[in-house]
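One structure below.
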Number of protein chains: 2
Amino acid sequence: MKITQKIGLSLAVAMAFASTMLSAQDNTAAPSKPKTMQEILEASKADDWRQLDPNNTLYMELASGRVIIELAPTFAPEHSKNIVALAREKYFDGLSINRSQDNFVVQWGDPEEDEKKRRSFRLAKQHLPAEFTRKSDGLAFTTLPDVDGWAQHVGFVEGMPAAKNAVTNQAWLTHCYGMVGAGRGGEADSSNGSELYVVIGQSPRQLDKNITTVGRVIQGMELLSILPRGTGPLGFYEKAEQRTPIKSIRLMSEIPQEERTAIEIMRTDTDSFTQLIEARRNRSDDWYLAKAGHIDICNVPIPTRPIKK
Amino acid sequence: MKITQKIGLSLAVAMAFASTMLSAQDNTAAPSKPKTMQEILEASKADDWRQLDPNNTLYMELASGRVIIELAPTFAPEHSKNIVALAREKYFDGLSINRSQDNFVVQWGDPEEDEKKRRSFRLAKQHLPAEFTRKSDGLAFTTLPDVDGWAQHVGFVEGMPAAKNAVTNQAWLTHCYGMVGAGRGGEADSSNGSELYVVIGQSPRQLDKNITTVGRVIQGMELLSILPRGTGPLGFYEKAEQRTPIKSIRLMSEIPQEERTAIEIMRTDTDSFTQLIEARRNRSDDWYLAKAGHIDICNVPIPTRPIKK
């Protein structure tokens, strides 16, 4: 019995409300209908896609697989530089994922409580400025047409979900699922990138403008989001053996070409991506009976695909 | 070494952006500040809390523990009745969780593809009307003060996140983290409650008004949200052994008193809850430097606590 048959009926029911997956129904859309996401992807051109910058991309290696993180130097230049320095000095290798709080974040770094006993830095800086916001002037924004309760405008900048306020001339990354930030203490400038978290639930947008957001998980979220929740306060693990060891975090450029993951990402500053946003605002799949006419910045998928050899 | 010491520094960093957890900082708030969530909970009265209706609450028993689901007969009367009938006839016992799609849903029911071979119903109905929306007239709504892009108004009805449109006189439950719905196929009325899903990621609000939402997970989300993602289409498991067996799903009223979980839930139609919403719209914790002045319906926590003996 084929796998597709085994899950037949359940799949039919499920396909009904497919998330970012491509539904077979999409192929049957009448020509008069607005394009579906699948049709937009199929019609996309080579330059609608971009490859990751090897000097701006991290590979986090776990026993379960590879997590790929793209940094956001446009929004957090100092943190990005420092995280690259930490990766170069192999700071994270042998450290662990220490926290998994349901519907909030998974966090990694040095689990040692005593700051003096924590792993020291060789190349990276201990102290950085807070990078909660930056100037919005001059940023190329693919703006969503829809209202956002948390910000004046939201959209995409260089492949990252972002927000801006033209009055205050501020822009910042939005805390969507998969966004990575730098944990801090009470002081605004108390993060240095050695303790990182990723959003694993409903977007905690109240963190926007309150913490430095450093990038986004491009692939491998499903390795982080399923980690058993910690039973200590804030989802910290209570026993050392519950932590997930980090084999390494490396800059992609330091990985031999043949060991790199060959994926590319849809550019967010293209007509194709604007069409994709529209396709998700108003689903033309037959299954959807009520069209939303709206989308939240954190509900817009940013497609990836294998690079064709 | 005490556990609290072991995670000291990391905890300090993390406490910074505590989600629904109560922060030690809250206790130090000056009297002039707006109340924090912890202060509101501490000041709450007995009748700010309610117990679950044993005839409207399901216990889903997994090897890993108990998931508690409150049904929403106010919004889905026929589905709620049918799910109760399915639980009474032990329909779900020995079935399994068949799907886990990252940032979307976990789904359970009969994995059998051939509809004729699926477990038959004894008491429950095979066919139900679609219950996507209901009349908003007469519903007691605790309305959020903030804009929502997906609906004219959002708020809470009987402990559930909901939306309404006064013009069309429609109300519906919103697809927030932890909300439970009844999977359907292409036809609006093709769900009967025997295949259920729960939201495990960013709220997929595009499903609102497109599917029958039947309730909410009150406790145990962390048992469902960590299930390894299925590698088949839409997150279905490809092998039978990857599925999580369901030991049983029982109506709470059928469980002996001494085996019931003694928790109570904050009522959403109280001054205390309105204060809590405000405390989450503008966090008064010292850590927050930029107050949001906004909250999304899916970011409002609905507190639970053990029942005092």
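Following the order of the structure tokens, first chain is A, next is B, and so on, with residues numbered from 1 inside each chain and ligands from 1 in the order they appear.
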| message | Which residues are close to Glu61 (chain B), i.e. within 7 Å by only C-alpha atoms, leaving aside same-chain residues fewer than 3 positions away? Reply as a VMD selection string. | response | chain B and resid 65 to 67 246 to 249
| message | Let me make sure I understand: among A:Arg260, A:Lys116, A:Arg216, A:Lys135, which one has the smallest atom-to-atom distance to chain B if we use only C-alpha atoms? | response | A:Lys116
| query | By how many Å are CA of Gly155 (chain A) and CA of His175 (chain B) apart? | reply | 22.4 Å
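Proximity of B:Thr304, B:Ser253, B:Thr57, B:Gln202 to Val105 (chain B), computed with only C-alpha atoms, is greatest for B:Gln202.
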| Who sits within 10 Å of Arg243 (chain A), only C-alpha atoms, same chain under 3 positions skipped, as a PyMOL selection string | chain A and resi 95-100+108+111+227-228+230+236-240+246
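A straight line drawn from CA of Asp271 (chain A) to CA of Asp48 (chain A) is 8.3 Å long.
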